[in-house]
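*Asks:* Handing you a structure now.
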Amino acid sequence: MPIDFRNTNTLWSSILAETLKQVGLTTAIICPGSRSGPLAVAFAQHPHIEAIPVLDERSAAFFALGIARRSGLPVVLVCTSGTAGANFYPAVIEAEASQVSLFILTADRPPELRNCHAGQAIDQNKLYGHYPRWQGELALPSSEPDLLAYLRQTLIHAWQRCRWPVPGPIHLNVPFRDPLAPVSDPQTEVLETAFDVDHFFAAVQPHHPVVPTLELQALDPWLQKWQQCDRGIIIAGPAQPHDPEQYCTAVSQLAQALQWPVLGEGLSPIRNWVDCNPYLISTYDLLLRNQPLATQLQPQQVICLGTLPTSKVLRAWLTYHQPQTWFLDSTDHNVDALHSRSIHLRIQIETLVSRLNLPTIQQQRMDGYGNRTLPSYANAWLTADQKMRSTLDQAMAVQPELLESKVAWLISQSLPVGTPLFIANSMPIRDVEYFWHPGNLRIQPYFNRGANGIDGTLSTALGISHHQQGSVLLTGDLALLHDTNGFLLRNHWQGHLSIIVLNNNGGGIFQMLPISDFEPPFSQYFQTPQHIDFEQLASTYNIGWQKIQSWEQLQSSLNPLPEQGIRILEVACNCQNSTQWRTMLLNQDAASI
């Protein structure tokens, strides 16, 4: 085991790194700095931890978030003292809100060098407020056996809190006295012969979080209500499950047992596993814009999986009709943004389905309607969805102009099977909800919808695509420009990422809001055009660039995907035309059903 006895700091830091490796750590992101030197050396020297140096702390934190989101394991973040750690803050907020495990280590000056203008020293205790799942400060490094045991057990506890009962960020402040470099100290080196490494780590083992469950008897009253209801819907909101096929199968089994339609958000993998879910409704946002139809389709009961979809139309419809709602979500979050008549069942859909005898439920449910006929309520949803899908597809197919909304529709049918796709916030995420075409390409959507910001868009996508042969980022120009330091990751990142940048020279989403009627100050202070030449930007970072001139060119550029490198596929769009066409699709098509 790589325990470094050269001095007290190297011993302390190498035990820290080894303990984390033994509980399951595979990746550490290291930001440069002097005070964090002992930690950087320990992780860099460890043969079984991938240590990746990243210059910009904000980019580093979102890169770590992307890796952690895809792997399901905590990723270590290391930075020096002072304001460096403050740049982790946006990613810490996102990690807490979207339940992603980040293990944050901020190096610090010792107590005697704080509050005395020693330089590069700020108050780092509870630096991230209430956002960490757990936080604390380690003791100063020591070679005393009792303190080394304290270090080991504190790290084990911190790792567990990073994953259980709900995944999220934890923060440890780590003070160091000099020497910060791995210089030799004879008093520490002599300890090596007496230190029993195997005994010290004998009880350290990976932590496997317990999946929250409910007793089957506790579900019986709700199950009976669901079975007795013939006007129920399941809403599959944004989801990033580690086993998307298992998730989609569970949703399908419950839907078919209850014969309830499934309103599938574009950010759910359910739209990419259509063959297992015959009750999928993908055009609900457009359908509910038709007021007579929305009234006809009002539900009595709703099962919502996780958080609600992005659609304001859907949320307003639910608020108006106030159906009895159950939220299936295993976290400790309040996911009911509508403050409805809701009941929170702290359980995952996969766990729920595994504990129910669904064949029996399905037989009972279907016998009540005789001859296995589809309930009229479900049939009304499916018929309307089929008509809307046909109308929408026809409009998309004949649109020759490069407009933002068609990109989401086109790539849903063009990407290689199993492509990881990161979708940026603002308009791309909404166009995916509105227009993503259901299919069986097994695409897994990824996104930062915890805090819904554009922070770290590129860096998160690079984290998700690290060690992947072909991945895609769908983003607007402003979200990409907000995180161009992410391109500095290219020297240590491995894989391929195609960046589809919808360049409408500004924040197109603001065109959809009432503020767009007020000019000035709309263009300068809201749309904020940047007039950036993306070909020159790509050249600066030595990455690929291609100007997309036609839909056929975009399709051919995406299938097959390259296996290595980063490239920008620029789709130049007229913002005004895109907004007008999107509005037409959302309103006129809805009125035609």
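Residues are named by chain letter and number: chains run A, B, ... in the order of the structure tokens, numbers start at 1 in each chain, and ligands are numbered from 1 in the order shown.
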When you look at Asn559 of chain A with a cut-off of 10 Å (counting only C-alpha atoms), what residues show up, excluding the ones that are within fewer than 3 positions of it in the same chain? I need them as number ranges by chain.

*Replies:* A: 411, 414-417, 470, 554-556, 562

*Asks:* Write a file of the just-selected residues containing C-alpha atoms, as a PDB file, in the first residue's frame.

*Replies:*
```
ATOM      1  CA  ILE A 411     -30.936  14.125 -33.000  1.00  0.00           C
ATOM      2  CA  SER A 414     -30.036  10.221 -35.441  1.00  0.00           C
ATOM      3  CA  LEU A 415     -27.630   9.494 -32.582  1.00  0.00           C
ATOM      4  CA  PRO A 416     -25.919   6.112 -32.320  1.00  0.00           C
ATOM      5  CA  VAL A 417     -27.514   3.608 -29.952  1.00  0.00           C
ATOM      6  CA  GLY A 470     -18.747   8.944 -28.216  1.00  0.00           C
ATOM      7  CA  LEU A 554     -25.855  17.367 -39.083  1.00  0.00           C
ATOM      8  CA  GLN A 555     -27.161  13.810 -39.282  1.00  0.00           C
ATOM      9  CA  SER A 556     -24.070  12.510 -41.052  1.00  0.00           C
ATOM     10  CA  PRO A 562     -15.639   9.829 -33.621  1.00  0.00           C
TER      11      PRO A 562
END
```

*Asks:* Pick out the residues sitting within 7 Å of Ala424 of chain A, and hand them over as a list in words; count only C-alpha atoms, and ignore anything fewer than 2 positions along from it in its own chain.

*Replies:*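 So, after excluding close chain neighbours, the residues are Phe422, Ser426, Pro428, Ile429, Phe447, Ile454, Thr457, Leu474 and Thr475 of chain A.
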
*Asks:* Name the closest residue to Leu219 of chain A among the candidates A:Leu148, A:Leu258, A:Leu180, A:Ile343; distances are taken between atoms, counting only C-alpha atoms.

*Replies:*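 Using only C-alpha atoms, the shortest distance to Leu219 of chain A belongs to A:Ile343.
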
*Asks:* With only C-alpha atoms as the atoms that count, which of A:Gln296, A:Thr188, A:Thr283, A:Asn574 lies nearest to Glu401 of chain A?

*Replies:*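 Smallest separation from Glu401 of chain A among the options: A:Asn574.
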
*Asks:* Could you please write out, as JSON, numbers by chain, every residue of segment 125-233 of chain A that DSSP assigns to alpha helix (DSSP H)?

*Replies:* {"A": [145, 146, 147, 148, 149, 150, 151, 152, 153, 154, 155, 156, 157, 158, 159, 160, 161, 162, 163, 186, 187, 188, 189, 197, 198, 199, 200, 216, 217, 218, 219, 220, 221, 222, 223, 224, 225, 226, 227, 228]}

*Asks:* What's the 8 Å shell around Asn448 of chain A, counting only C-alpha atoms, without same-chain residues fewer than 3 positions away, as a PyMOL selection string?

*Replies:* chain A and resi 94+98+424-425+451-453

*Asks:* If you take only C-alpha atoms and a cut-off of 10 Å, which residues of segment 80-184 of chain A touch segment 4-24 of chain A, and what are their nearest atom pairs and distances in Å to one decimal, in chain and number order, as CSV?

*Replies:*
```
residue,atom,partner,partner_atom,distance
A:Phe103,CA,A:Leu20,CA,9.9
A:Leu140,CA,A:Asn9,CA,9.0
A:Pro141,CA,A:Trp12,CA,5.8
A:Ser142,CA,A:Thr8,CA,5.9
A:Ser143,CA,A:Thr8,CA,5.8
A:Glu144,CA,A:Thr8,CA,9.5
A:Leu147,CA,A:Trp12,CA,9.4
A:Leu148,CA,A:Trp12,CA,7.2
A:Ala149,CA,A:Ile15,CA,9.7
A:Leu151,CA,A:Leu16,CA,7.2
A:Arg152,CA,A:Thr19,CA,6.2
A:Gln153,CA,A:Thr19,CA,8.9
A:Thr154,CA,A:Leu16,CA,9.8
A:Leu155,CA,A:Leu20,CA,7.0
A:Ile156,CA,A:Val23,CA,7.1
A:Ala158,CA,A:Leu20,CA,9.7
A:Trp159,CA,A:Val23,CA,7.6
A:Gln160,CA,A:Val23,CA,9.0
A:Val174,CA,A:Ser13,CA,9.7
A:Phe176,CA,A:Asn9,CA,7.2
A:Arg177,CA,A:Asn9,CA,8.1
A:Asp178,CA,A:Asn9,CA,8.3
A:Pro179,CA,A:Asn9,CA,7.5
A:Leu180,CA,A:Asn9,CA,7.1
A:Ala181,CA,A:Thr10,CA,8.4
A:Pro182,CA,A:Thr10,CA,6.3
A:Val183,CA,A:Arg6,CA,6.4
A:Ser184,CA,A:Arg6,CA,4.7
```

*Asks:* Write to file, as a short mmCIF file (atom, residue, chain, number, x, y, z; two decimals), in the first residue's frame, the residues of the selection just made, with N, CA and C atoms.

*Replies:*
```
data_model
loop_
_atom_site.label_atom_id
_atom_site.label_comp_id
_atom_site.auth_asym_id
_atom_site.auth_seq_id
_atom_site.Cartn_x
_atom_site.Cartn_y
_atom_site.Cartn_z
N PHE A 103 -16.88 14.76 -2.86
CA PHE A 103 -16.10 14.68 -1.63
C PHE A 103 -15.06 15.80 -1.68
N LEU A 140 -5.00 18.88 12.83
CA LEU A 140 -3.71 19.06 12.17
C LEU A 140 -3.01 17.71 12.04
N PRO A 141 -2.27 17.48 10.96
CA PRO A 141 -1.61 16.20 10.77
C PRO A 141 -0.72 15.81 11.94
N SER A 142 -0.72 14.52 12.23
CA SER A 142 0.06 13.97 13.32
C SER A 142 0.44 12.55 12.97
N SER A 143 1.53 12.09 13.52
CA SER A 143 1.94 10.70 13.32
C SER A 143 1.55 9.82 14.50
N GLU A 144 0.84 10.37 15.48
CA GLU A 144 0.39 9.59 16.63
C GLU A 144 -0.62 8.53 16.18
N LEU A 147 -4.36 9.43 16.50
CA LEU A 147 -4.84 10.43 15.56
C LEU A 147 -4.92 9.88 14.14
N LEU A 148 -4.02 8.96 13.79
CA LEU A 148 -4.13 8.32 12.48
C LEU A 148 -5.39 7.46 12.41
N ALA A 149 -5.74 6.80 13.51
CA ALA A 149 -6.98 6.03 13.56
C ALA A 149 -8.19 6.96 13.47
N LEU A 151 -8.24 9.80 11.90
CA LEU A 151 -8.31 10.23 10.50
C LEU A 151 -9.02 9.18 9.66
N ARG A 152 -8.62 7.93 9.82
CA ARG A 152 -9.21 6.83 9.04
C ARG A 152 -10.72 6.75 9.27
N GLN A 153 -11.15 6.76 10.52
CA GLN A 153 -12.58 6.59 10.83
C GLN A 153 -13.40 7.81 10.42
N THR A 154 -12.81 8.99 10.52
CA THR A 154 -13.52 10.19 10.09
C THR A 154 -13.76 10.16 8.58
N LEU A 155 -12.78 9.70 7.84
CA LEU A 155 -12.93 9.60 6.38
C LEU A 155 -13.97 8.55 5.99
N ILE A 156 -13.98 7.43 6.71
CA ILE A 156 -14.99 6.41 6.44
C ILE A 156 -16.39 6.97 6.67
N ALA A 158 -17.26 10.15 6.60
CA ALA A 158 -17.53 11.18 5.60
C ALA A 158 -17.95 10.54 4.28
N TRP A 159 -17.29 9.46 3.90
CA TRP A 159 -17.65 8.76 2.66
C TRP A 159 -19.08 8.22 2.73
N GLN A 160 -19.42 7.65 3.87
CA GLN A 160 -20.77 7.13 4.03
C GLN A 160 -21.80 8.24 3.97
N VAL A 174 -9.02 20.89 5.56
CA VAL A 174 -7.83 20.12 5.91
C VAL A 174 -6.65 21.07 6.12
N PHE A 176 -2.84 22.36 7.16
CA PHE A 176 -1.47 21.84 7.12
C PHE A 176 -0.51 22.91 7.63
N ARG A 177 0.45 22.47 8.42
CA ARG A 177 1.62 23.30 8.71
C ARG A 177 2.73 22.92 7.73
N ASP A 178 3.72 23.79 7.61
CA ASP A 178 4.90 23.44 6.81
C ASP A 178 5.60 22.23 7.44
N PRO A 179 6.34 21.44 6.64
CA PRO A 179 6.63 21.61 5.21
C PRO A 179 5.50 21.05 4.34
N LEU A 180 5.24 21.75 3.27
CA LEU A 180 4.20 21.31 2.35
C LEU A 180 4.74 20.41 1.24
N ALA A 181 6.03 20.48 0.99
CA ALA A 181 6.68 19.59 0.02
C ALA A 181 7.06 18.28 0.71
N PRO A 182 7.23 17.19 -0.05
CA PRO A 182 7.54 15.88 0.55
C PRO A 182 9.01 15.73 0.94
N VAL A 183 9.50 16.66 1.76
CA VAL A 183 10.89 16.59 2.23
C VAL A 183 11.00 15.54 3.33
N SER A 184 12.19 15.02 3.50
CA SER A 184 12.40 13.93 4.46
C SER A 184 12.48 14.45 5.89
#
```

*Asks:* Tell me, as a PyMOL selection string, which residues lie within 9 Å of Leu497 of chain A, counting only C-alpha atoms; anything in the same chain fewer than 4 positions away does not count.

*Replies:* chain A and resi 461-462+465-466+468-473+561-568

*Asks:* Quick one: pick out all strand (DSSP E) residues within segment 161-354 of chain A from a backbone DSSP run and write them as a PyMOL selection string.

*Replies:* chain A and resi 170-175+232-236+262-264+280-281+301-305+324-328+342-345

*Asks:* For Arg231 of chain A, work out the shell of residues within 10 Å, counting only C-alpha atoms and skipping chain neighbours fewer than 2 positions away, then give it as a list of chain:residue names.

*Replies:*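 Neighbouring residues, sequence-local ones excluded: A:Trp226, A:Gln228, A:Cys229, A:Ile233, A:Gln259, A:Trp260, A:Pro261, A:Leu297, A:Gln298, A:Pro299, A:Gln300, A:Gln301, A:Val302, A:Pro375, A:Ser376, A:Tyr377, A:Ala378.
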
*Asks:* With C-alpha atoms retained, could you export that selection as an mmCIF file, in the first residue's frame?

*Replies:*
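Output (again_1.cif):
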```cif
data_model
loop_
_atom_site.group_PDB
_atom_site.id
_atom_site.type_symbol
_atom_site.label_atom_id
_atom_site.label_comp_id
_atom_site.auth_asym_id
_atom_site.auth_seq_id
_atom_site.Cartn_x
_atom_site.Cartn_y
_atom_site.Cartn_z
ATOM 1 C CA TRP A 226 -54.841 3.134 -7.772
ATOM 2 C CA GLN A 228 -60.014 1.407 -8.356
ATOM 3 C CA CYS A 229 -59.253 4.526 -10.412
ATOM 4 C CA ILE A 233 -51.817 9.044 -15.000
ATOM 5 C CA GLN A 259 -53.598 0.814 -17.434
ATOM 6 C CA TRP A 260 -52.638 4.414 -16.796
ATOM 7 C CA PRO A 261 -50.979 6.590 -19.473
ATOM 8 C CA LEU A 297 -58.254 14.690 -19.952
ATOM 9 C CA GLN A 298 -58.282 15.885 -16.334
ATOM 10 C CA PRO A 299 -57.149 13.072 -14.013
ATOM 11 C CA GLN A 300 -58.442 11.948 -10.651
ATOM 12 C CA GLN A 301 -55.153 10.470 -9.456
ATOM 13 C CA VAL A 302 -51.500 11.039 -10.361
ATOM 14 C CA PRO A 375 -60.092 2.104 -20.531
ATOM 15 C CA SER A 376 -61.637 5.035 -22.406
ATOM 16 C CA TYR A 377 -59.556 7.564 -20.450
ATOM 17 C CA ALA A 378 -56.266 5.931 -21.398
#
```

*Asks:* If you measure from atom CA of Ala97 of chain A to atom CA of Gln246 of chain A, what distance in Å do you get, rounded to one decimal?

*Replies:*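 Separation of atom CA of Ala97 of chain A and atom CA of Gln246 of chain A: 23.7 Å.
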